[in-house]
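Structure data (JSON, C-alpha atoms) from model36.json:
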[["chain", "number", "residue", "atom", "x", "y", "z"],
["A", 839, "MET", "CA", -10.25, -33.88, -5.56],
["A", 840, "GLY", "CA", -6.88, -32.46, -6.44],
["A", 841, "ASP", "CA", -4.64, -34.55, -8.65],
["A", 842, "VAL", "CA", -5.84, -38.11, -9.34],
["A", 843, "ALA", "CA", -3.25, -40.80, -8.80],
["A", 844, "VAL", "CA", -2.53, -42.53, -12.11],
["A", 845, "GLY", "CA", -1.68, -46.24, -12.26],
["A", 846, "ALA", "CA", -3.73, -47.68, -9.42],
["A", 847, "ARG", "CA", -3.04, -51.40, -9.08],
["A", 848, "SER", "CA", -5.51, -54.21, -8.85],
["A", 849, "GLY", "CA", -4.14, -56.36, -6.05],
["A", 850, "HIS", "CA", -0.58, -56.89, -7.45],
["A", 851, "ASP", "CA", 2.63, -55.11, -6.55],
["A", 852, "GLY", "CA", 5.10, -54.08, -9.19],
["A", 853, "GLU", "CA", 3.64, -54.30, -12.66],
["A", 854, "ASP", "CA", 1.18, -56.56, -14.47],
["A", 855, "ARG", "CA", 2.79, -59.30, -16.41],
["A", 856, "GLY", "CA", 3.41, -58.59, -20.05],
["A", 857, "ARG", "CA", 2.73, -54.82, -20.03],
["A", 858, "PRO", "CA", 3.86, -51.67, -18.26],
["A", 859, "VAL", "CA", 1.86, -50.27, -15.45],
["A", 860, "GLU", "CA", 0.94, -47.11, -17.38],
["A", 861, "ALA", "CA", -0.27, -49.04, -20.40],
["A", 862, "ALA", "CA", -2.34, -51.39, -18.27],
["A", 863, "ASP", "CA", -3.91, -48.51, -16.46],
["A", 864, "GLN", "CA", -4.83, -46.74, -19.69],
["A", 865, "VAL", "CA", -6.37, -49.89, -21.08],
["A", 866, "SER", "CA", -8.44, -50.50, -17.96],
["A", 867, "ASN", "CA", -9.67, -46.92, -17.65],
["A", 868, "GLY", "CA", -9.74, -46.05, -21.34],
["A", 869, "ALA", "CA", -9.21, -42.32, -20.59],
["A", 870, "LEU", "CA", -8.22, -39.85, -17.90],
["A", 871, "THR", "CA", -10.68, -39.61, -15.03],
["A", 872, "SER", "CA", -13.14, -36.72, -15.05],
["A", 873, "GLY", "CA", -11.88, -33.67, -13.27],
["A", 874, "SER", "CA", -8.37, -34.04, -14.83],
["A", 875, "SER", "CA", -7.40, -31.65, -17.58],
["A", 876, "GLY", "CA", -5.01, -31.75, -20.44],
["A", 877, "SER", "CA", -2.56, -29.73, -18.44],
["A", 878, "ASP", "CA", -2.61, -32.45, -15.78],
["A", 879, "ALA", "CA", -1.68, -35.00, -18.42],
["A", 880, "GLY", "CA", 1.13, -32.82, -19.62],
["A", 881, "ALA", "CA", 2.33, -32.36, -16.08],
["A", 882, "ALA", "CA", 2.31, -36.15, -15.58],
["A", 883, "GLU", "CA", 4.38, -36.68, -18.69],
["A", 884, "ASP", "CA", 7.26, -34.49, -17.59],
["A", 885, "GLY", "CA", 7.07, -35.78, -14.02],
["A", 886, "THR", "CA", 6.03, -32.50, -12.37],
["A", 887, "ALA", "CA", 2.87, -31.69, -10.45],
["A", 888, "SER", "CA", 0.84, -28.67, -11.56],
["A", 889, "ARG", "CA", -1.38, -27.21, -8.81],
["A", 890, "THR", "CA", -3.47, -24.09, -8.44],
["A", 891, "ASP", "CA", -4.13, -22.38, -5.11],
["A", 892, "THR", "CA", -7.73, -22.18, -3.98],
["A", 893, "ASP", "CA", -7.69, -18.36, -4.14],
["A", 894, "GLY", "CA", -6.92, -18.40, -7.86],
["A", 895, "HIS", "CA", -3.28, -17.36, -7.59],
["A", 896, "GLY", "CA", -0.57, -19.46, -9.19],
["A", 897, "PRO", "CA", 2.67, -20.38, -7.50],
["A", 898, "GLY", "CA", 4.46, -17.36, -8.94],
["A", 899, "ASP", "CA", 1.85, -14.81, -7.78],
["A", 900, "SER", "CA", 2.36, -12.81, -4.61],
["A", 901, "ALA", "CA", -0.39, -12.59, -1.90],
["A", 902, "PRO", "CA", -2.52, -9.37, -1.96],
["A", 903, "THR", "CA", -1.37, -6.70, 0.45],
["A", 904, "PRO", "CA", -4.06, -5.98, 3.11],
["A", 905, "LYS", "CA", -5.32, -2.37, 3.15],
["A", 906, "LYS", "CA", -3.86, -0.45, 6.05],
["A", 907, "PRO", "CA", -6.60, 0.80, 8.42],
["A", 908, "ARG", "CA", -7.05, 4.55, 8.76],
["A", 909, "SER", "CA", -5.46, 6.07, 11.84],
["A", 910, "PHE", "CA", -7.87, 6.80, 14.72],
["A", 911, "TRP", "CA", -6.61, 10.37, 14.94],
["A", 912, "LYS", "CA", -7.42, 10.90, 11.27],
["A", 913, "GLU", "CA", -10.95, 9.55, 11.76],
["A", 914, "LEU", "CA", -11.62, 11.51, 14.96],
["A", 915, "PRO", "CA", -12.38, 14.87, 13.24],
["A", 916, "ILE", "CA", -14.79, 13.08, 10.89],
["A", 917, "LEU", "CA", -16.59, 11.42, 13.82],
["A", 918, "ILE", "CA", -16.82, 14.73, 15.69],
["A", 919, "GLY", "CA", -18.20, 16.43, 12.58],
["A", 920, "ILE", "CA", -20.88, 13.75, 12.14],
["A", 921, "ALA", "CA", -21.81, 13.99, 15.84],
["A", 922, "LEU", "CA", -22.18, 17.77, 15.62],
["A", 923, "VAL", "CA", -24.35, 17.58, 12.52],
["A", 924, "LEU", "CA", -26.59, 14.96, 14.17],
["A", 925, "ALA", "CA", -26.82, 17.01, 17.35],
["A", 926, "LEU", "CA", -27.79, 20.09, 15.34],
["A", 927, "LEU", "CA", -30.47, 18.17, 13.44],
["A", 928, "ILE", "CA", -31.86, 16.67, 16.65],
["A", 929, "LYS", "CA", -31.90, 20.05, 18.38],
["A", 930, "THR", "CA", -33.53, 21.78, 15.41],
["A", 931, "PHE", "CA", -36.16, 19.24, 14.45],
["A", 932, "LEU", "CA", -36.66, 16.60, 17.17],
["A", 933, "LEU", "CA", -35.79, 17.14, 20.83],
["A", 934, "GLN", "CA", -34.03, 19.70, 22.99],
["A", 935, "ALA", "CA", -33.12, 19.50, 26.66],
["A", 936, "PHE", "CA", -33.90, 22.35, 29.06],
["A", 937, "SER", "CA", -32.90, 22.89, 32.67],
["A", 938, "ILE", "CA", -35.48, 24.21, 35.16],
["A", 939, "PRO", "CA", -34.01, 27.28, 36.90],
["A", 940, "SER", "CA", -36.87, 28.21, 39.29],
["A", 941, "ASP", "CA", -39.66, 26.88, 41.51],
["A", 942, "SER", "CA", -42.58, 28.27, 39.48],
["A", 943, "MET", "CA", -43.70, 24.82, 38.27],
["A", 944, "GLN", "CA", -43.48, 22.96, 41.58],
["A", 945, "ASN", "CA", -44.32, 20.22, 42.32],
["A", 946, "THR", "CA", -44.67, 19.11, 38.72],
["A", 947, "LEU", "CA", -41.09, 20.24, 38.08],
["A", 948, "GLN", "CA", -38.36, 20.98, 40.60],
["A", 949, "ARG", "CA", -35.49, 23.39, 40.31],
["A", 950, "GLY", "CA", -32.61, 21.59, 38.54],
["A", 951, "ASP", "CA", -34.79, 19.09, 36.65],
["A", 952, "ARG", "CA", -33.93, 18.49, 33.00],
["A", 953, "VAL", "CA", -36.82, 18.10, 30.60],
["A", 954, "LEU", "CA", -36.93, 16.99, 26.98],
["A", 955, "VAL", "CA", -39.00, 19.19, 24.71],
["A", 956, "ASP", "CA", -40.73, 17.86, 21.61],
["A", 957, "LYS", "CA", -39.91, 20.16, 18.68],
["A", 958, "LEU", "CA", -41.09, 17.80, 15.94],
["A", 959, "THR", "CA", -44.89, 18.00, 16.11],
["A", 960, "PRO", "CA", -45.06, 21.80, 15.62],
["A", 961, "TRP", "CA", -43.45, 21.24, 12.21],
["A", 962, "PHE", "CA", -46.61, 19.32, 11.26],
["A", 963, "GLY", "CA", -48.94, 22.13, 12.32],
["A", 964, "SER", "CA", -49.59, 21.02, 15.90],
["A", 965, "GLU", "CA", -50.34, 23.91, 18.28],
["A", 966, "PRO", "CA", -50.20, 24.04, 22.09],
["A", 967, "ASP", "CA", -53.29, 22.71, 23.83],
["A", 968, "ARG", "CA", -54.78, 23.21, 27.28],
["A", 969, "GLY", "CA", -52.98, 21.37, 30.06],
["A", 970, "GLU", "CA", -49.68, 20.95, 28.23],
["A", 971, "VAL", "CA", -46.42, 22.12, 29.78],
["A", 972, "VAL", "CA", -44.63, 24.21, 27.16],
["A", 973, "VAL", "CA", -41.32, 26.02, 26.76],
["A", 974, "PHE", "CA", -41.47, 29.41, 25.03],
["A", 975, "HIS", "CA", -39.22, 32.37, 24.31],
["A", 976, "ASP", "CA", -39.72, 35.39, 26.54],
["A", 977, "PRO", "CA", -42.50, 37.21, 24.67],
["A", 978, "GLY", "CA", -42.29, 40.62, 26.35],
["A", 979, "LYS", "CA", -39.39, 40.98, 28.79],
["A", 980, "TRP", "CA", -40.98, 38.79, 31.44],
["A", 981, "LEU", "CA", -37.47, 37.98, 32.63],
["A", 982, "TRP", "CA", -36.32, 41.60, 32.66],
["A", 983, "GLY", "CA", -33.73, 42.03, 35.40],
["A", 984, "GLU", "CA", -33.53, 38.30, 36.14],
["A", 985, "PRO", "CA", -29.88, 37.15, 36.42],
["A", 986, "ALA", "CA", -28.82, 34.56, 33.85],
["A", 987, "PRO", "CA", -28.21, 31.18, 35.51],
["A", 988, "GLU", "CA", -24.58, 30.09, 35.81],
["A", 989, "PRO", "CA", -24.20, 26.83, 33.79],
["A", 990, "ASN", "CA", -22.13, 23.93, 35.06],
["A", 991, "ALA", "CA", -19.59, 22.04, 32.94],
["A", 992, "LEU", "CA", -22.15, 19.55, 31.63],
["A", 993, "GLN", "CA", -24.60, 22.28, 30.63],
["A", 994, "THR", "CA", -21.82, 24.22, 28.94],
["A", 995, "PHE", "CA", -20.80, 21.17, 26.90],
["A", 996, "LEU", "CA", -24.40, 20.31, 25.95],
["A", 997, "SER", "CA", -24.99, 23.92, 24.95],
["A", 998, "TRP", "CA", -21.83, 23.87, 22.85],
["A", 999, "ILE", "CA", -22.98, 20.85, 20.86],
["A", 1000, "GLY", "CA", -26.52, 22.23, 20.60],
["A", 1001, "LEU", "CA", -28.43, 19.79, 22.81],
["A", 1002, "MET", "CA", -29.22, 22.44, 25.42],
["A", 1003, "PRO", "CA", -29.95, 26.13, 24.97],
["A", 1004, "SER", "CA", -27.32, 28.67, 25.82],
["A", 1005, "SER", "CA", -27.57, 30.35, 29.23],
["A", 1006, "GLU", "CA", -27.94, 33.59, 27.26],
["A", 1007, "GLU", "CA", -31.31, 32.49, 25.87],
["A", 1008, "LYS", "CA", -34.42, 33.73, 27.69],
["A", 1009, "ASP", "CA", -36.89, 30.86, 27.80],
["A", 1010, "LEU", "CA", -39.72, 30.06, 30.22],
["A", 1011, "ILE", "CA", -41.76, 26.97, 31.03],
["A", 1012, "LYS", "CA", -45.43, 27.12, 32.11],
["A", 1013, "ARG", "CA", -48.72, 25.23, 31.75],
["A", 1014, "VAL", "CA", -51.18, 26.20, 29.01],
["A", 1015, "ILE", "CA", -54.53, 27.18, 30.55],
["A", 1016, "GLY", "CA", -56.29, 28.93, 27.67],
["A", 1017, "VAL", "CA", -55.97, 28.85, 23.88],
["A", 1018, "GLY", "CA", -57.30, 31.11, 21.15],
["A", 1019, "GLY", "CA", -60.99, 31.92, 21.69],
["A", 1020, "ASP", "CA", -61.06, 30.93, 25.39],
["A", 1021, "THR", "CA", -62.22, 33.16, 28.22],
["A", 1022, "VAL", "CA", -60.11, 32.61, 31.33],
["A", 1023, "GLU", "CA", -61.06, 34.12, 34.67],
["A", 1024, "CYS", "CA", -60.13, 34.15, 38.33],
["A", 1025, "GLU", "CA", -62.29, 35.51, 41.12],
["A", 1026, "GLY", "CA", -61.30, 35.46, 44.76],
["A", 1027, "THR", "CA", -59.12, 32.47, 45.52],
["A", 1028, "GLY", "CA", -60.69, 30.31, 42.84],
["A", 1029, "PRO", "CA", -61.49, 28.03, 41.25],
["A", 1030, "LEU", "CA", -59.90, 29.01, 37.94],
["A", 1031, "LYS", "CA", -62.47, 28.98, 35.14],
["A", 1032, "VAL", "CA", -62.16, 28.43, 31.38],
["A", 1033, "ASN", "CA", -65.22, 29.38, 29.34],
["A", 1034, "GLY", "CA", -67.25, 29.35, 32.54],
["A", 1035, "LYS", "CA", -66.17, 25.81, 33.51],
["A", 1036, "ALA", "CA", -64.40, 25.45, 36.86],
["A", 1037, "LEU", "CA", -61.14, 23.51, 36.80],
["A", 1038, "ASN", "CA", -60.19, 20.94, 39.42],
["A", 1039, "GLU", "CA", -56.40, 21.38, 39.55],
["A", 1040, "PRO", "CA", -54.61, 18.67, 41.56],
["A", 1041, "TYR", "CA", -51.27, 19.75, 40.04],
["A", 1042, "VAL", "CA", -51.33, 23.11, 41.88],
["A", 1043, "TYR", "CA", -48.62, 23.36, 44.56],
["A", 1044, "PRO", "CA", -49.89, 22.11, 47.93],
["A", 1045, "GLY", "CA", -51.10, 24.98, 50.10],
["A", 1046, "ASN", "CA", -51.61, 27.32, 47.13],
["A", 1047, "THR", "CA", -55.01, 28.55, 46.03],
["A", 1048, "PRO", "CA", -55.85, 28.31, 42.30],
["A", 1049, "CYS", "CA", -56.25, 32.09, 42.14],
["A", 1050, "THR", "CA", -54.42, 34.82, 44.01],
["A", 1051, "ASN", "CA", -56.45, 37.46, 45.77],
["A", 1052, "ASP", "CA", -54.42, 40.55, 44.87],
["A", 1053, "ASP", "CA", -54.80, 43.62, 42.67],
["A", 1054, "GLN", "CA", -51.66, 43.12, 40.59],
["A", 1055, "GLY", "CA", -53.01, 40.46, 38.26],
["A", 1056, "GLY", "CA", -54.34, 37.77, 40.55],
["A", 1057, "GLN", "CA", -57.91, 38.73, 39.71],
["A", 1058, "PHE", "CA", -58.69, 38.78, 36.01],
["A", 1059, "LYS", "CA", -61.04, 37.92, 33.19],
["A", 1060, "VAL", "CA", -59.43, 37.79, 29.75],
["A", 1061, "LYS", "CA", -60.32, 36.67, 26.25],
["A", 1062, "VAL", "CA", -57.43, 34.87, 24.53],
["A", 1063, "PRO", "CA", -56.97, 36.02, 20.90],
["A", 1064, "GLU", "CA", -56.46, 33.50, 18.11],
["A", 1065, "GLY", "CA", -52.79, 32.62, 17.68],
["A", 1066, "PHE", "CA", -52.03, 33.14, 21.39],
["A", 1067, "ILE", "CA", -52.09, 31.13, 24.62],
["A", 1068, "TRP", "CA", -52.58, 32.02, 28.30],
["A", 1069, "VAL", "CA", -50.09, 30.31, 30.61],
["A", 1070, "MET", "CA", -49.77, 29.88, 34.39],
["A", 1071, "GLY", "CA", -47.29, 28.19, 36.70],
["A", 1072, "ASP", "CA", -48.34, 25.30, 38.95],
["A", 1073, "HIS", "CA", -46.82, 27.10, 41.95],
["A", 1074, "ARG", "CA", -49.48, 29.80, 41.75],
["A", 1075, "GLN", "CA", -48.16, 32.00, 44.55],
["A", 1076, "ASN", "CA", -44.61, 31.87, 43.14],
["A", 1077, "SER", "CA", -45.00, 32.27, 39.38],
["A", 1078, "ARG", "CA", -44.70, 35.42, 37.32],
["A", 1079, "ASP", "CA", -46.86, 34.20, 34.44],
["A", 1080, "SER", "CA", -49.54, 35.63, 32.14],
["A", 1081, "ARG", "CA", -51.41, 37.11, 35.12],
["A", 1082, "TYR", "CA", -48.59, 39.46, 36.09],
["A", 1083, "ASN", "CA", -47.52, 40.51, 32.59],
["A", 1084, "GLN", "CA", -50.79, 42.00, 31.33],
["A", 1085, "GLY", "CA", -49.04, 45.34, 30.93],
["A", 1086, "ASP", "CA", -46.75, 44.12, 28.13],
["A", 1087, "LYS", "CA", -47.40, 44.47, 24.41],
["A", 1088, "TYR", "CA", -49.29, 41.14, 24.25],
["A", 1089, "LYS", "CA", -51.28, 41.78, 27.45],
["A", 1090, "GLY", "CA", -49.87, 38.70, 29.11],
["A", 1091, "MET", "CA", -50.55, 36.39, 26.17],
["A", 1092, "VAL", "CA", -47.86, 34.25, 24.55],
["A", 1093, "PRO", "CA", -47.77, 34.13, 20.73],
["A", 1094, "VAL", "CA", -47.93, 30.54, 19.46],
["A", 1095, "ASP", "CA", -44.98, 31.39, 17.21],
["A", 1096, "GLU", "CA", -42.81, 31.91, 20.31],
["A", 1097, "VAL", "CA", -43.47, 28.38, 21.63],
["A", 1098, "VAL", "CA", -40.40, 26.15, 21.33],
["A", 1099, "GLY", "CA", -42.30, 22.94, 22.01],
["A", 1100, "ARG", "CA", -44.04, 20.77, 24.55],
["A", 1101, "ALA", "CA", -42.12, 19.31, 27.52],
["A", 1102, "ILE", "CA", -42.82, 15.58, 27.40],
["A", 1103, "VAL", "CA", -40.30, 13.90, 29.71],
["A", 1104, "LYS", "CA", -38.43, 14.63, 32.92],
["A", 1105, "ALA", "CA", -35.10, 13.12, 31.93],
["A", 1106, "TRP", "CA", -32.81, 14.03, 34.85],
["A", 1107, "PRO", "CA", -32.08, 13.35, 37.66],
["A", 1108, "ILE", "CA", -32.81, 9.70, 37.09],
["A", 1109, "ASN", "CA", -34.90, 9.36, 40.27],
["A", 1110, "ARG", "CA", -37.21, 12.08, 38.90],
["A", 1111, "TRP", "CA", -37.65, 10.45, 35.50],
["A", 1112, "GLY", "CA", -41.22, 10.48, 34.22],
["A", 1113, "THR", "CA", -43.57, 11.72, 31.53],
["A", 1114, "LEU", "CA", -45.57, 14.96, 31.58],
["A", 1115, "PRO", "CA", -49.06, 13.99, 30.41],
["A", 1116, "VAL", "CA", -52.04, 16.33, 30.13],
["A", 1117, "PRO", "CA", -54.02, 16.11, 33.42],
["A", 1118, "ASP", "CA", -57.52, 14.65, 33.45],
["A", 1119, "THR", "CA", -58.73, 18.13, 34.41],
["A", 1120, "PHE", "CA", -58.73, 19.05, 30.73],
["A", 1121, "ASP", "CA", -60.69, 16.02, 29.55],
["A", 1122, "GLN", "CA", -63.98, 17.85, 30.09],
["A", 1123, "PRO", "CA", -65.40, 19.82, 27.14],
["A", 1124, "LEU", "CA", -64.05, 23.33, 27.69],
["A", 1125, "ASP", "CA", -64.48, 24.82, 24.25],
["A", 1126, "ALA", "CA", -67.40, 27.26, 24.33],
["A", 1127, "ARG", "CA", -68.30, 26.44, 20.73],
["A", 1128, "ALA", "CA", -68.11, 22.71, 21.40],
["A", 1129, "SER", "CA", -70.39, 23.11, 24.41],
["A", 1130, "ALA", "CA", -72.94, 24.96, 22.29],
["A", 1131, "ALA", "CA", -72.70, 22.32, 19.58],
["A", 1132, "ALA", "CA", -73.13, 19.54, 22.14],
["A", 1133, "ALA", "CA", -76.33, 21.15, 23.40],
["A", 1134, "LEU", "CA", -77.71, 21.69, 19.90],
["A", 1135, "PRO", "CA", -78.75, 18.08, 19.11],
["A", 1136, "TYR", "CA", -81.09, 18.04, 22.10],
["A", 1137, "ALA", "CA", -82.89, 21.22, 21.10],
["A", 1138, "PRO", "CA", -84.93, 19.80, 18.16],
["A", 1139, "GLN", "CA", -86.08, 16.80, 20.19],
["A", 1140, "THR", "CA", -87.14, 19.07, 23.05],
["A", 1141, "LEU", "CA", -89.11, 21.34, 20.73],
["A", 1142, "ALA", "CA", -90.70, 18.37, 19.00],
["A", 1143, "PHE", "CA", -91.69, 16.82, 22.32],
["A", 1144, "ALA", "CA", -93.14, 20.13, 23.49],
["A", 1145, "GLY", "CA", -95.25, 20.31, 20.33],
["A", 1146, "VAL", "CA", -96.38, 16.68, 20.29],
["A", 1147, "VAL", "CA", -97.66, 16.47, 23.89],
["A", 1148, "PRO", "CA", -100.38, 19.14, 23.55],
["A", 1149, "LEU", "CA", -101.45, 17.67, 20.20],
["A", 1150, "ALA", "CA", -101.72, 14.19, 21.70],
["A", 1151, "LEU", "CA", -103.76, 15.46, 24.65],
["A", 1152, "TRP", "CA", -106.07, 17.39, 22.33],
["A", 1153, "ARG", "CA", -106.60, 14.31, 20.16],
["A", 1154, "ARG", "CA", -107.32, 12.16, 23.20],
["A", 1155, "ARG", "CA", -109.93, 14.63, 24.39],
["A", 1156, "ARG", "CA", -111.56, 14.64, 21.03],
["A", 1157, "LEU", "CA", -111.76, 10.87, 20.90],
["A", 1158, "THR", "CA", -113.22, 10.79, 24.40],
["A", 1159, "ALA", "CA", -115.84, 13.31, 23.43],
["A", 1160, "GLN", "CA", -116.84, 11.30, 20.42]]

Taking this structure as input, can you express it in the form of structure tokens?
Amino acid sequence: MGDVAVGARSGHDGEDRGRPVEAADQVSNGALTSGSSGSDAGAAEDGTASRTDTDGHGPGDSAPTPKKPRSFWKELPILIGIALVLALLIKTFLLQAFSIPSDSMQNTLQRGDRVLVDKLTPWFGSEPDRGEVVVFHDPGKWLWGEPAPEPNALQTFLSWIGLMPSSEEKDLIKRVIGVGGDTVECEGTGPLKVNGKALNEPYVYPGNTPCTNDDQGGQFKVKVPEGFIWVMGDHRQNSRDSRYNQGDKYKGMVPVDEVVGRAIVKAWPINRWGTLPVPDTFDQPLDARASAAAALPYAPQTLAFAGVVPLALWRRRRLTAQ
């Protein structure tokens, strides 16, 4: 409690009769109170007070000089560098934003929409699946002769930091209809079929038919090789997709290696925000091998039943005859 006052009096002013105040106090207490040190006693003898600051510095020590904060302008290049590295990592491994330049995916996507594309799951071996909306690099000059879109200031900045692709890049966005091993076909105006199963496609642009009745690619029956996908736009009568590129080196197919990722969110404009789930259309079993496997378990029971019924009838006849 700091320095302890020495010589406290017991109800009398001045000094006790017959002895000095200090002597009386020493006799009554017998020793210095706990918490006092020898240095305190020495200080009391020469009449000076010896104190120590709570921060451990003595009276002769100077206060520590606070460290001067770094100038904002010196920190700014560091902050910009960190932001660029993070943006590059995000663009390379996680998400990338893309702007929709055409009407080929209406009404699912409108011209000018910004979508976020998942680039992470392909790193873990995930491949495009039926019904997903995917972004992919132009596999065979599909965009030959198409003018490059003129980016605005925001797009230019986002491209500069790596969060959006450059306007020089040739990328497309379509819906996956068939994957490796599938047979996709269109006859007349539809419906579109995958492995012989007709698709109910509510996402097709209103007024469009699922298939296009023309001789330039609207009528087709193709087998998708392993490692490739067959893609089509939702605006069927306004989409130059796999159907109309069957003359290229991949016969209209898109190599899985050329797929940037799956579009998962409409991020801008804000009133168009929403996810891009796989439609219920693709919940039905479309894999030809899966369909065959699903039918297989019923075959043994059917054969067994066909064999047991005649045997049971024959046995019943025999018992009746007996």

Practice problem: Provide the CA of Gln1084 (chain A) to CA of Gly1055 (chain A) distance in Å, to one decimal place. | Solution: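 These two atoms are separated by 7.4 Å.
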
Exercise. Write out as an MDAnalysis selection string the residues lying within 12 Å of region 1043-1054 of chain A, counting only C-alpha atoms and excluding same-chain residues fewer than 5 positions away.
Key: chainID A and resid 941:948 1015 1022:1031 1036:1038 1059 1070:1085

Coordinates of box centre and edge lengths for region 964-976 of chain A, 4 Å on every side, axis-aligned, as lines of an AutoDock Vina configuration file:
center_x = -47.0
center_y = 28.2
center_z = 23.0
size_x = 23.6
size_y = 22.4
size_z = 22.2

Self-check item: Best match for closeness to Gly1065 (chain A) among A:Val1042, A:Val1017, A:Ala991, A:Val1116, counting all atoms listed in the file
Solution: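 With all atoms listed in the file as the atom set, the closest residue is A:Val1017.
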
Exercise. For CA of Gly1034 (chain A) and CA of Val1060 (chain A), determine how far apart the two atoms are, in Å to one decimal place.
Key: 11.8 Å

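Going from CA of Phe962 (chain A) to CA of Ala1101 (chain A) covers 16.9 Å.
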
Excluding same-chain residues fewer than 2 positions from Gly950 (chain A), what lies within 8 Å of it counting all atoms listed in the file, as a PDB file with C-alpha atoms, keeping the file's coordinate frame?
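Listing of around_38.pdb after writing:
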ATOM      1  CA  SER A 937     -32.900  22.890  32.670  1.00  0.00           C
ATOM      2  CA  ILE A 938     -35.480  24.210  35.160  1.00  0.00           C
ATOM      3  CA  PRO A 939     -34.010  27.280  36.900  1.00  0.00           C
ATOM      4  CA  SER A 940     -36.870  28.210  39.290  1.00  0.00           C
ATOM      5  CA  GLN A 948     -38.360  20.980  40.600  1.00  0.00           C
ATOM      6  CA  ARG A 952     -33.930  18.490  33.000  1.00  0.00           C
TER       7      ARG A 952
END

I'd like the neighbourhood of Asp1020 (chain A) as a PDB file with C-alpha atoms, keeping the file's coordinate frame, where a residue qualifies if any of its atoms comes within 8 Å (using all atoms listed in the file), though same-chain residues fewer than 3 positions away should be ignored.
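Generated file (out-v2.pdb):
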ATOM      1  CA  GLY A1016     -56.290  28.930  27.670  1.00  0.00           C
ATOM      2  CA  VAL A1017     -55.970  28.850  23.880  1.00  0.00           C
ATOM      3  CA  VAL A1032     -62.160  28.430  31.380  1.00  0.00           C
ATOM      4  CA  ASN A1033     -65.220  29.380  29.340  1.00  0.00           C
ATOM      5  CA  LYS A1061     -60.320  36.670  26.250  1.00  0.00           C
ATOM      6  CA  VAL A1062     -57.430  34.870  24.530  1.00  0.00           C
ATOM      7  CA  PRO A1063     -56.970  36.020  20.900  1.00  0.00           C
ATOM      8  CA  ASP A1125     -64.480  24.820  24.250  1.00  0.00           C
ATOM      9  CA  ALA A1126     -67.400  27.260  24.330  1.00  0.00           C
TER      10      ALA A1126
END

Quiz item: With distances taken over all atoms listed in the file, which of A:Gly1019, A:Pro977, A:Pro1040, A:Gly1099 is nearest to Asp1086 (chain A)?
Solution: A:Pro977

Quiz item: Looking at all atoms listed in the file, which of A:Val1098, A:Ile1067, A:Ala1105, A:Leu914 is the one that sits closest to Lys957 (chain A)?
Solution: A:Val1098

Quiz item: If you count all atoms listed in the file, which residues fall within 6 Å of Arg1100 (chain A), apart from same-chain ones fewer than 6 positions away, as a ChimeraX atom specification?
Solution: /A:955-956,971-972
